[in-house]
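> run_21.csv is the file, holding CSV, C-alpha atoms:
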```csv
chain,number,residue,atom,x,y,z
A,73,MET,CA,95.7,-238.1,-218.1
A,74,ILE,CA,93.5,-235.3,-216.7
A,75,GLU,CA,90.8,-236.1,-219.3
A,76,ILE,CA,90.9,-239.8,-218.5
A,77,ALA,CA,90.7,-239.0,-214.8
A,78,ILE,CA,87.6,-236.8,-215.3
A,79,ILE,CA,85.9,-239.5,-217.4
A,80,THR,CA,86.7,-242.0,-214.7
A,81,VAL,CA,85.2,-239.8,-212.0
A,82,ILE,CA,82.0,-239.3,-214.1
A,83,LEU,CA,81.9,-243.1,-214.6
A,84,ALA,CA,82.2,-243.6,-210.9
A,85,PHE,CA,79.1,-241.5,-210.3
A,86,ALA,CA,77.3,-243.4,-213.1
A,87,PHE,CA,78.2,-246.6,-211.4
A,88,THR,CA,76.9,-245.3,-208.1
A,89,PHE,CA,73.6,-244.7,-209.8
A,90,THR,CA,73.4,-248.3,-211.0
A,91,ASN,CA,74.6,-249.4,-207.6
A,92,GLY,CA,71.5,-247.7,-206.2
A,93,PHE,CA,69.0,-249.7,-208.2
A,94,GLN,CA,71.0,-252.9,-207.7
A,95,ASP,CA,72.0,-252.9,-204.1
A,96,ALA,CA,70.0,-250.2,-202.3
A,97,SER,CA,66.7,-251.3,-203.8
A,98,SER,CA,67.3,-254.8,-202.4
A,99,ILE,CA,67.0,-253.4,-198.9
A,100,ALA,CA,63.5,-252.0,-199.7
A,101,ALA,CA,62.4,-255.4,-201.2
A,102,THR,CA,61.4,-257.2,-198.0
A,103,PHE,CA,60.4,-254.0,-196.3
A,104,ILE,CA,57.8,-253.2,-198.9
A,105,ALA,CA,56.8,-256.7,-199.9
A,106,SER,CA,55.9,-257.4,-196.2
A,107,ARG,CA,53.5,-254.4,-196.4
A,108,SER,CA,55.4,-252.7,-193.6
A,109,ALA,CA,55.6,-249.6,-195.8
A,110,SER,CA,54.0,-248.4,-199.0
A,111,PRO,CA,56.3,-248.5,-202.1
A,112,LYS,CA,56.6,-244.7,-202.3
A,113,ASN,CA,57.3,-244.1,-198.6
A,114,GLY,CA,59.6,-247.2,-198.3
A,115,MET,CA,61.7,-246.1,-201.2
A,116,ILE,CA,62.0,-242.5,-200.0
A,117,TYR,CA,63.0,-243.7,-196.5
A,118,ILE,CA,65.6,-246.2,-197.8
A,119,ALA,CA,67.0,-243.7,-200.3
A,120,GLY,CA,67.3,-241.0,-197.7
A,121,LEU,CA,69.1,-243.1,-195.1
A,122,ALA,CA,71.4,-244.7,-197.7
A,123,SER,CA,72.5,-241.2,-198.8
A,124,ILE,CA,73.2,-240.2,-195.2
A,125,GLY,CA,75.3,-243.3,-194.7
A,126,ALA,CA,77.2,-242.4,-197.9
A,127,ILE,CA,78.1,-239.0,-196.4
A,128,LEU,CA,78.9,-240.1,-192.9
A,129,GLY,CA,80.6,-243.4,-193.7
A,130,GLY,CA,84.3,-243.8,-193.0
A,131,SER,CA,87.1,-244.6,-195.5
A,132,ALA,CA,88.3,-248.1,-194.5
A,133,VAL,CA,86.5,-249.8,-197.4
A,134,ALA,CA,87.6,-247.1,-199.8
A,135,PHE,CA,91.3,-247.8,-199.0
A,136,THR,CA,90.7,-251.6,-199.4
A,137,ILE,CA,89.4,-251.0,-202.9
A,138,SER,CA,92.0,-248.4,-203.9
A,139,GLY,CA,94.8,-250.7,-202.7
A,140,LEU,CA,93.6,-253.8,-204.5
A,141,VAL,CA,95.6,-253.2,-207.7
A,142,ILE,CA,99.1,-251.7,-207.7
A,143,LEU,CA,100.4,-250.7,-211.1
A,144,PRO,CA,103.8,-249.3,-212.2
A,145,SER,CA,102.5,-246.2,-213.9
A,146,PRO,CA,99.7,-243.6,-213.4
A,147,ASP,CA,98.6,-244.0,-217.0
A,148,GLN,CA,98.0,-247.7,-216.5
A,149,THR,CA,96.2,-247.1,-213.2
A,150,LEU,CA,93.8,-244.6,-214.7
A,151,LEU,CA,93.0,-246.9,-217.7
A,152,VAL,CA,92.4,-249.9,-215.4
A,153,LEU,CA,90.1,-247.8,-213.2
A,154,LEU,CA,88.2,-246.7,-216.3
A,155,VAL,CA,87.7,-250.1,-217.7
A,156,ALA,CA,86.8,-251.5,-214.3
A,157,LEU,CA,84.0,-248.9,-213.8
A,158,LEU,CA,82.8,-249.4,-217.4
A,159,THR,CA,82.6,-253.2,-216.9
A,160,ALA,CA,80.9,-253.0,-213.5
A,161,THR,CA,78.3,-250.4,-214.8
A,162,VAL,CA,77.4,-252.5,-217.8
A,163,TRP,CA,77.2,-255.7,-215.7
A,164,ASN,CA,74.8,-253.9,-213.3
A,165,ILE,CA,72.6,-252.8,-216.2
A,166,ILE,CA,72.5,-256.3,-217.8
A,167,THR,CA,71.6,-258.1,-214.5
A,168,TRP,CA,69.0,-255.4,-213.7
A,169,LYS,CA,67.4,-255.9,-217.1
A,170,PHE,CA,66.8,-259.6,-216.3
A,171,GLY,CA,65.7,-258.8,-212.7
A,172,LEU,CA,68.7,-260.7,-211.2
A,173,PRO,CA,70.1,-259.3,-208.0
A,174,SER,CA,73.8,-259.2,-208.7
A,175,SER,CA,76.8,-257.8,-206.7
A,176,SER,CA,77.9,-254.4,-207.8
A,177,THR,CA,80.8,-254.9,-205.3
A,178,HIS,CA,82.1,-258.0,-207.0
A,179,SER,CA,81.5,-256.6,-210.5
A,180,LEU,CA,83.8,-253.7,-209.6
A,181,VAL,CA,86.4,-256.0,-207.9
A,182,GLY,CA,86.4,-258.3,-210.9
A,183,GLY,CA,86.8,-255.3,-213.2
A,184,LEU,CA,89.8,-254.1,-211.2
A,185,VAL,CA,91.5,-257.5,-211.0
A,186,GLY,CA,90.9,-258.3,-214.7
A,187,GLY,CA,92.2,-254.9,-215.9
A,188,GLY,CA,95.1,-255.1,-213.5
A,189,VAL,CA,96.2,-258.5,-214.7
A,190,ALA,CA,95.9,-257.4,-218.4
A,191,ALA,CA,97.9,-254.3,-217.7
A,192,ALA,CA,100.8,-255.7,-215.6
A,193,GLY,CA,100.3,-259.4,-214.8
A,194,ILE,CA,99.2,-261.2,-211.7
A,195,ASP,CA,101.8,-259.5,-209.5
A,196,SER,CA,99.9,-256.2,-209.9
A,197,VAL,CA,97.0,-257.6,-207.8
A,198,SER,CA,97.0,-257.6,-204.0
A,199,TRP,CA,95.9,-261.1,-203.5
A,200,GLY,CA,96.5,-260.9,-199.7
A,201,ILE,CA,97.9,-264.5,-199.5
A,202,GLY,CA,101.5,-263.3,-198.8
A,203,ASP,CA,100.3,-261.4,-195.7
A,204,LEU,CA,99.6,-264.8,-194.0
A,205,THR,CA,103.2,-266.1,-194.3
A,206,CYS,CA,104.8,-263.7,-191.8
A,207,PRO,CA,103.8,-261.6,-188.7
A,208,PRO,CA,101.5,-259.8,-188.1
A,209,PHE,CA,99.5,-262.1,-190.4
A,210,GLU,CA,97.1,-259.5,-191.7
A,211,ILE,CA,94.2,-260.4,-194.0
A,212,THR,CA,94.3,-257.9,-196.9
A,213,GLY,CA,93.5,-257.5,-200.6
A,214,LEU,CA,91.4,-260.0,-202.5
A,215,LEU,CA,91.6,-262.6,-199.8
A,216,LYS,CA,90.0,-260.2,-197.3
A,217,ILE,CA,87.2,-259.5,-199.7
A,218,PHE,CA,86.6,-263.2,-200.4
A,219,ILE,CA,86.7,-264.2,-196.7
A,220,PHE,CA,84.1,-261.5,-195.7
A,221,PHE,CA,82.0,-262.5,-198.7
A,222,ILE,CA,81.7,-266.1,-197.3
A,223,ILE,CA,81.2,-264.9,-193.8
A,224,SER,CA,78.5,-262.4,-194.7
A,225,LEU,CA,76.6,-265.0,-196.7
A,226,LEU,CA,76.8,-267.5,-193.8
A,227,ILE,CA,75.7,-264.9,-191.3
A,228,GLY,CA,72.9,-263.8,-193.6
A,229,PHE,CA,71.5,-267.4,-194.1
A,230,ILE,CA,72.3,-269.1,-190.8
A,231,GLY,CA,71.6,-266.0,-188.7
A,232,SER,CA,68.2,-265.3,-190.3
A,233,TYR,CA,67.3,-269.0,-190.1
A,234,VAL,CA,68.1,-269.3,-186.4
A,235,MET,CA,66.5,-265.9,-185.6
A,236,HIS,CA,63.3,-266.8,-187.4
A,237,LYS,CA,63.1,-270.1,-185.5
A,238,CYS,CA,63.5,-268.2,-182.2
A,239,THR,CA,60.9,-265.5,-183.0
A,240,GLY,CA,58.5,-268.3,-184.1
A,241,ILE,CA,58.8,-269.9,-180.7
A,242,LEU,CA,58.5,-266.6,-178.8
A,243,LEU,CA,55.5,-265.5,-180.8
A,244,ARG,CA,53.7,-268.8,-181.3
A,245,ASN,CA,50.8,-267.7,-179.1
A,246,ALA,CA,50.8,-264.0,-180.1
A,247,GLN,CA,47.7,-262.3,-181.5
A,248,ARG,CA,47.6,-260.8,-184.9
A,249,SER,CA,47.9,-257.4,-183.4
A,250,ILE,CA,51.5,-258.2,-182.7
A,251,ASN,CA,52.2,-257.1,-186.3
A,252,ARG,CA,52.0,-253.4,-185.3
A,253,PRO,CA,55.1,-253.4,-183.1
A,254,ILE,CA,56.8,-255.7,-185.6
A,255,ILE,CA,56.2,-253.2,-188.4
A,256,PHE,CA,57.7,-250.5,-186.2
A,257,LEU,CA,60.8,-252.7,-185.6
A,258,ASN,CA,60.9,-253.3,-189.4
A,259,TRP,CA,61.2,-249.5,-190.0
A,260,CYS,CA,64.1,-249.4,-187.5
A,261,ALA,CA,65.9,-252.4,-189.0
A,262,ALA,CA,65.4,-251.2,-192.5
A,263,GLY,CA,66.8,-247.8,-191.5
A,264,VAL,CA,69.9,-249.3,-190.0
A,265,MET,CA,70.3,-251.6,-193.0
A,266,ALA,CA,70.0,-248.6,-195.5
A,267,PHE,CA,72.5,-246.5,-193.5
A,268,SER,CA,75.0,-249.4,-193.3
A,269,ASN,CA,74.6,-250.1,-197.0
A,270,GLY,CA,75.2,-246.5,-197.9
A,271,ALA,CA,78.3,-246.4,-195.7
A,272,ASN,CA,79.7,-249.5,-197.2
A,273,ASP,CA,78.6,-249.3,-200.9
A,274,SER,CA,79.6,-245.7,-201.5
A,275,GLN,CA,83.1,-246.2,-200.3
A,276,LYS,CA,84.0,-248.4,-203.3
A,277,GLN,CA,83.4,-245.5,-205.7
A,278,LEU,CA,85.1,-243.0,-203.3
A,279,GLY,CA,88.2,-245.2,-203.3
A,280,ILE,CA,88.3,-245.2,-207.1
A,281,ILE,CA,87.8,-241.4,-207.3
A,282,ALA,CA,90.6,-240.8,-204.7
A,283,LEU,CA,93.0,-243.0,-206.6
A,284,ALA,CA,92.0,-241.5,-210.0
A,285,LEU,CA,92.6,-237.9,-208.9
A,286,PHE,CA,95.9,-238.9,-207.2
A,287,SER,CA,97.1,-240.7,-210.3
A,288,ALA,CA,96.3,-237.7,-212.5
A,289,GLY,CA,98.2,-235.4,-210.2
A,290,LEU,CA,94.9,-233.6,-209.2
A,291,SER,CA,95.4,-234.3,-205.5
A,292,ALA,CA,98.4,-234.4,-203.3
A,293,ALA,CA,97.4,-237.8,-201.7
A,294,ALA,CA,95.0,-240.6,-202.3
A,295,GLU,CA,92.4,-239.1,-200.0
A,296,VAL,CA,88.6,-239.0,-200.5
A,297,PRO,CA,87.5,-235.5,-201.4
A,298,TRP,CA,84.6,-234.1,-199.4
A,299,TRP,CA,82.6,-233.1,-202.5
A,300,SER,CA,82.6,-236.7,-203.9
A,301,ARG,CA,80.7,-238.0,-200.8
A,302,GLY,CA,77.9,-235.6,-201.5
A,303,VAL,CA,77.6,-236.5,-205.2
A,304,CYS,CA,77.8,-240.2,-204.5
A,305,ALA,CA,75.0,-239.8,-201.9
A,306,ILE,CA,72.8,-238.0,-204.4
A,307,MET,CA,73.5,-240.6,-207.1
A,308,LEU,CA,72.9,-243.5,-204.8
A,309,ALA,CA,69.6,-242.1,-203.7
A,310,ALA,CA,68.5,-241.3,-207.3
A,311,GLY,CA,69.4,-244.8,-208.4
A,312,THR,CA,67.4,-246.3,-205.6
A,313,MET,CA,64.3,-244.2,-206.4
A,314,SER,CA,64.4,-244.7,-210.2
A,315,GLY,CA,65.2,-248.3,-211.2
A,316,GLY,CA,65.0,-250.7,-208.3
A,317,TRP,CA,61.6,-252.2,-208.9
A,318,ARG,CA,62.8,-255.2,-211.0
A,319,ILE,CA,65.2,-256.3,-208.3
A,320,MET,CA,62.6,-255.6,-205.6
A,321,ASN,CA,60.1,-257.9,-207.3
A,322,THR,CA,62.6,-260.8,-207.5
A,323,LEU,CA,63.7,-260.5,-203.9
A,324,GLY,CA,60.4,-259.5,-202.3
A,325,ARG,CA,57.9,-261.7,-204.2
A,326,ARG,CA,59.4,-264.4,-206.3
A,327,ILE,CA,61.4,-266.3,-203.6
A,328,PHE,CA,59.0,-266.4,-200.7
A,329,LYS,CA,55.8,-264.7,-199.6
A,330,ILE,CA,57.2,-262.3,-197.0
A,331,GLU,CA,55.3,-261.2,-193.9
A,332,PRO,CA,56.4,-258.4,-191.5
A,333,ILE,CA,58.2,-260.9,-189.1
A,334,HIS,CA,60.1,-262.4,-192.1
A,335,SER,CA,61.2,-258.9,-193.2
A,336,PHE,CA,62.4,-258.0,-189.7
A,337,ASP,CA,64.4,-261.2,-189.1
A,338,SER,CA,66.0,-260.8,-192.6
A,339,GLN,CA,66.8,-257.1,-192.1
A,340,PHE,CA,68.2,-257.6,-188.6
A,341,PHE,CA,71.0,-260.1,-189.6
A,342,SER,CA,71.6,-258.5,-193.0
A,343,SER,CA,72.4,-255.1,-191.3
A,344,SER,CA,74.6,-256.8,-188.7
A,345,SER,CA,76.6,-258.5,-191.4
A,346,ILE,CA,77.1,-255.3,-193.4
A,347,ALA,CA,77.9,-253.2,-190.4
A,348,LEU,CA,80.6,-255.8,-189.3
A,349,SER,CA,82.1,-255.8,-192.8
A,350,THR,CA,82.2,-252.0,-193.0
A,351,LEU,CA,84.0,-251.7,-189.7
A,352,ALA,CA,86.5,-254.3,-190.9
A,353,GLY,CA,87.1,-252.3,-194.1
A,354,ALA,CA,85.7,-255.2,-196.3
A,355,PRO,CA,83.5,-254.3,-199.2
A,356,VAL,CA,80.5,-256.7,-199.3
A,357,SER,CA,77.4,-257.1,-201.4
A,358,SER,CA,74.2,-256.1,-199.6
A,359,THR,CA,72.2,-257.8,-202.4
A,360,GLN,CA,73.8,-261.2,-201.8
A,361,ILE,CA,73.5,-260.9,-198.1
A,362,ILE,CA,69.8,-260.0,-198.3
A,363,THR,CA,69.2,-262.8,-200.8
A,364,MET,CA,70.7,-265.3,-198.4
A,365,SER,CA,68.7,-263.9,-195.4
A,366,VAL,CA,65.4,-264.2,-197.4
A,367,LEU,CA,66.3,-267.8,-198.2
A,368,GLY,CA,67.2,-268.3,-194.5
A,369,VAL,CA,63.9,-267.1,-193.1
A,370,GLY,CA,62.0,-268.9,-195.8
A,371,ALA,CA,63.8,-272.2,-195.0
A,372,ALA,CA,63.0,-271.7,-191.3
A,373,ASP,CA,59.4,-270.9,-191.9
A,374,ASN,CA,58.5,-273.5,-194.5
A,375,PRO,CA,61.1,-274.8,-197.0
A,376,ARG,CA,58.4,-276.2,-199.3
A,377,LYS,CA,57.1,-272.6,-199.9
A,378,VAL,CA,60.5,-271.3,-201.0
A,379,LYS,CA,61.1,-271.1,-204.7
A,380,TRP,CA,64.5,-272.6,-204.6
A,381,SER,CA,64.9,-272.4,-208.4
A,382,VAL,CA,64.8,-268.6,-208.2
A,383,GLY,CA,67.4,-268.7,-205.4
A,384,THR,CA,69.5,-271.0,-207.6
A,385,HIS,CA,69.5,-268.6,-210.5
A,386,ILE,CA,70.5,-265.7,-208.2
A,387,LEU,CA,73.4,-267.8,-206.7
A,388,ILE,CA,74.6,-268.7,-210.2
A,389,ALA,CA,74.6,-265.0,-211.1
A,390,MET,CA,76.6,-264.4,-207.9
A,391,LEU,CA,79.2,-267.0,-208.8
A,392,LEU,CA,79.5,-265.7,-212.4
A,393,THR,CA,79.9,-262.1,-211.5
A,394,LEU,CA,83.6,-262.1,-210.5
A,395,PRO,CA,85.1,-264.3,-213.3
A,396,ALA,CA,82.8,-262.7,-216.0
A,397,THR,CA,83.8,-259.1,-215.1
A,398,MET,CA,87.4,-260.1,-214.9
A,399,ILE,CA,87.3,-261.4,-218.4
A,400,ILE,CA,85.3,-258.5,-219.8
A,401,SER,CA,87.6,-255.9,-218.1
A,402,ALA,CA,90.8,-257.6,-219.4
A,403,PHE,CA,89.3,-257.8,-222.9
A,404,LEU,CA,88.4,-254.1,-222.8
A,405,TYR,CA,91.8,-253.1,-221.6
A,406,SER,CA,93.5,-255.0,-224.3
A,407,VAL,CA,91.2,-253.5,-227.0
A,408,ILE,CA,91.8,-250.0,-225.8
A,409,ILE,CA,95.6,-250.5,-225.7
A,410,THR,CA,95.5,-252.0,-229.2
A,411,ILE,CA,93.4,-249.2,-230.6
A,412,GLY,CA,95.6,-246.6,-228.9
A,413,GLY,CA,98.8,-248.2,-230.4
A,414,GLY,CA,100.1,-249.7,-227.2
```
Starting from the file, give its structure as structure tokens.

Amino acid sequence: MIEIAIITVILAFAFTFTNGFQDASSIAATFIASRSASPKNGMIYIAGLASIGAILGGSAVAFTISGLVILPSPDQTLLVLLVALLTATVWNIITWKFGLPSSSTHSLVGGLVGGGVAAAGIDSVSWGIGDLTCPPFEITGLLKIFIFFIISLLIGFIGSYVMHKCTGILLRNAQRSINRPIIFLNWCAAGVMAFSNGANDSQKQLGIIALALFSAGLSAAAEVPWWSRGVCAIMLAAGTMSGGWRIMNTLGRRIFKIEPIHSFDSQFFSSSSIALSTLAGAPVSSTQIITMSVLGVGAADNPRKVKWSVGTHILIAMLLTLPATMIISAFLYSVIITIGGG
């Protein structure tokens, strides 16, 4: 059990690295594509603030993830955590290879749910539906994740659309020199976005690590160890710096030609959505939120200039992530159990 727990923790850190070039690099996409920052300075800035968010973030999201699947034995729990992380990491690499912004959050959730169902049936998953049948009517489990997924996407698209329409009216007679203060605001908004993303994204892995250590008897309670925050922060920053250019190109250049004002409007509502979800303890996908906000400002500015086909491909990848990772994770769990003799 201890060996499996150690492998699981190492995989959690590897997943954090891929999380960096999938999700954190998405934050830098509009920031750099709008020429508000050079690629080098922008990536260093985003990576630094994302890592600070990972260290200072709370634990609400971590406990939502760690309580998503409840299994009867520690052995099953560790194996499900292992296959979930393996599935999510591979999914991140595949989608990155094709330059598709995908949700590392939902790939991990899908891995947990698929592995949990394969291990102990559908009753092992905290669907959250039963919590609505009696007081105090709490929204928990998978239902909580799904609801905040929908809310965050709506806020990202509608909020960015409305805000860009408003800023367009306010700045309709502005001189081109207005770009200078907008670029400054862009740095502020991108910083808040990076910090919020680090605080939300890192907690998924921290919840897995806490549960793995507890299941293996290496900790007295399912608490997030202090050292894991530091390692996750480093891996998140390293992933952002090393492999995010494919995703940045898709979000920053292939959907819509982004100017500083587009980047600011997009970042403002994206950061608001992620911050709200983090406070509520709901893991969300910054990549999906940013994608919807870019589509929102593009639709508000000029829908004819938006490459909706690219947006459609990204949306399809979003929709496929959860069921695909559930199937892969369940298959991997079954294969490992069969090879191990049950």
> Please produce, as a Markdown table, a per-residue contact table for range 215-259 of chain A versus range 335-344 of chain A (criterion: any atom at most 8 Å away, all atoms listed in the file considered), showing the nearest atom pair and its distance in Å to one decimal, sorted by chain then residue number.

```
| residue | atom | partner | partner_atom | distance |
| --- | --- | --- | --- | --- |
| A:Ile227 | CA | A:Phe341 | CA | 6.9 |
| A:Gly228 | CA | A:Ser342 | CA | 5.5 |
| A:Gly231 | CA | A:Phe341 | CA | 6.0 |
| A:Ser232 | CA | A:Ser338 | CA | 5.5 |
| A:Met235 | CA | A:Asp337 | CA | 6.2 |
| A:His236 | CA | A:Asp337 | CA | 6.0 |
| A:Ile254 | CA | A:Phe336 | CA | 7.3 |
| A:Ile255 | CA | A:Phe336 | CA | 7.9 |
| A:Leu257 | CA | A:Phe336 | CA | 6.9 |
| A:Asn258 | CA | A:Phe336 | CA | 4.9 |
```
> Using the selection just defined, write its residues with C-alpha atoms as a tab-separated table (two decimals), in the coordinates of the input.

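File produced: part_29.tsv:
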```
chain	number	residue	atom	x	y	z
A	227	ILE	CA	75.70	-264.90	-191.30
A	228	GLY	CA	72.90	-263.80	-193.60
A	231	GLY	CA	71.60	-266.00	-188.70
A	232	SER	CA	68.20	-265.30	-190.30
A	235	MET	CA	66.50	-265.90	-185.60
A	236	HIS	CA	63.30	-266.80	-187.40
A	254	ILE	CA	56.80	-255.70	-185.60
A	255	ILE	CA	56.20	-253.20	-188.40
A	257	LEU	CA	60.80	-252.70	-185.60
A	258	ASN	CA	60.90	-253.30	-189.40
```
> Which residues come within 7 Å of range 161-168 of chain A, counting only C-alpha atoms, excluding same-chain residues fewer than 2 positions away, as a list in words?
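Once the adjacent positions are removed, what remains is Phe87, Thr90, Gln94, Leu157, Leu158, Thr159, Phe170, Gly171, Leu172, Pro173, Ser174, Ser176, Ser179, Arg318 and Ile319 of chain A.
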> Please measure the separation of CA of Ile230 in chain A and CA of Asp373 in chain A, giving the value in Å to one decimal.
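Here the two named atoms are 13.1 Å from each other.
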> What is the CA of Lys169 in chain A-CA of Ile400 in chain A distance in Å, reported with one decimal?
18.3 Å
> Determine the nearest neighbour of Lys112 in chain A from the options A:Leu348, A:Thr363, A:Ser314, A:Leu184, counting all atoms listed in the file.
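Of A:Leu348, A:Thr363, A:Ser314, A:Leu184, the one nearest Lys112 in chain A, counting all atoms listed in the file, is A:Ser314.
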> Give the answer as one residue: which of A:Gly92, A:Gly368, A:Pro146, A:Gly139 has the shortest atom-to-atom distance to Ala284 in chain A, using only C-alpha atoms?
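Checking each candidate against Ala284 in chain A, we get A:Pro146 as the closest.
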> What is the CA of Arg376 in chain A to CA of Ala105 in chain A distance in Å?
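So the answer is 19.6 Å.
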> Between A:Val185, A:Val81, A:Ile137, A:Ile99, single out the one closest to Thr397 in chain A, counting only C-alpha atoms.
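Ranked by minimum distance to Thr397 in chain A, first place goes to A:Val185.
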> Check the smallest atom-to-atom distance from each of A:Ile116, A:Ala109, A:Val407, A:Ile223 to Ile361 in chain A using only C-alpha atoms, then report the winner.
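The closest residue to Ile361 in chain A is A:Ile223.
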> Hey, which of A:Asn251, A:Asn374, A:Thr177, A:Ser287 ends up closest to Ile76 in chain A? Count only C-alpha atoms.
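Closest residue, counting only C-alpha atoms: A:Ser287.
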> Could you check which of A:Ala77, A:Ile280, A:Ala119, A:Ile104 is closest to Met313 in chain A, using only C-alpha atoms?
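Ranked by minimum distance to Met313 in chain A, first place goes to A:Ala119.
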> Residues proximal to (82.5, -246.6, -201.4) were defined as those with any atom within 9 Å of that point in the file's coordinates, counting all atoms listed in the file. Which are they, as a PyMOL selection string?
chain A and resi 88+126+129+131+133-134+137+270-280+301+304+355
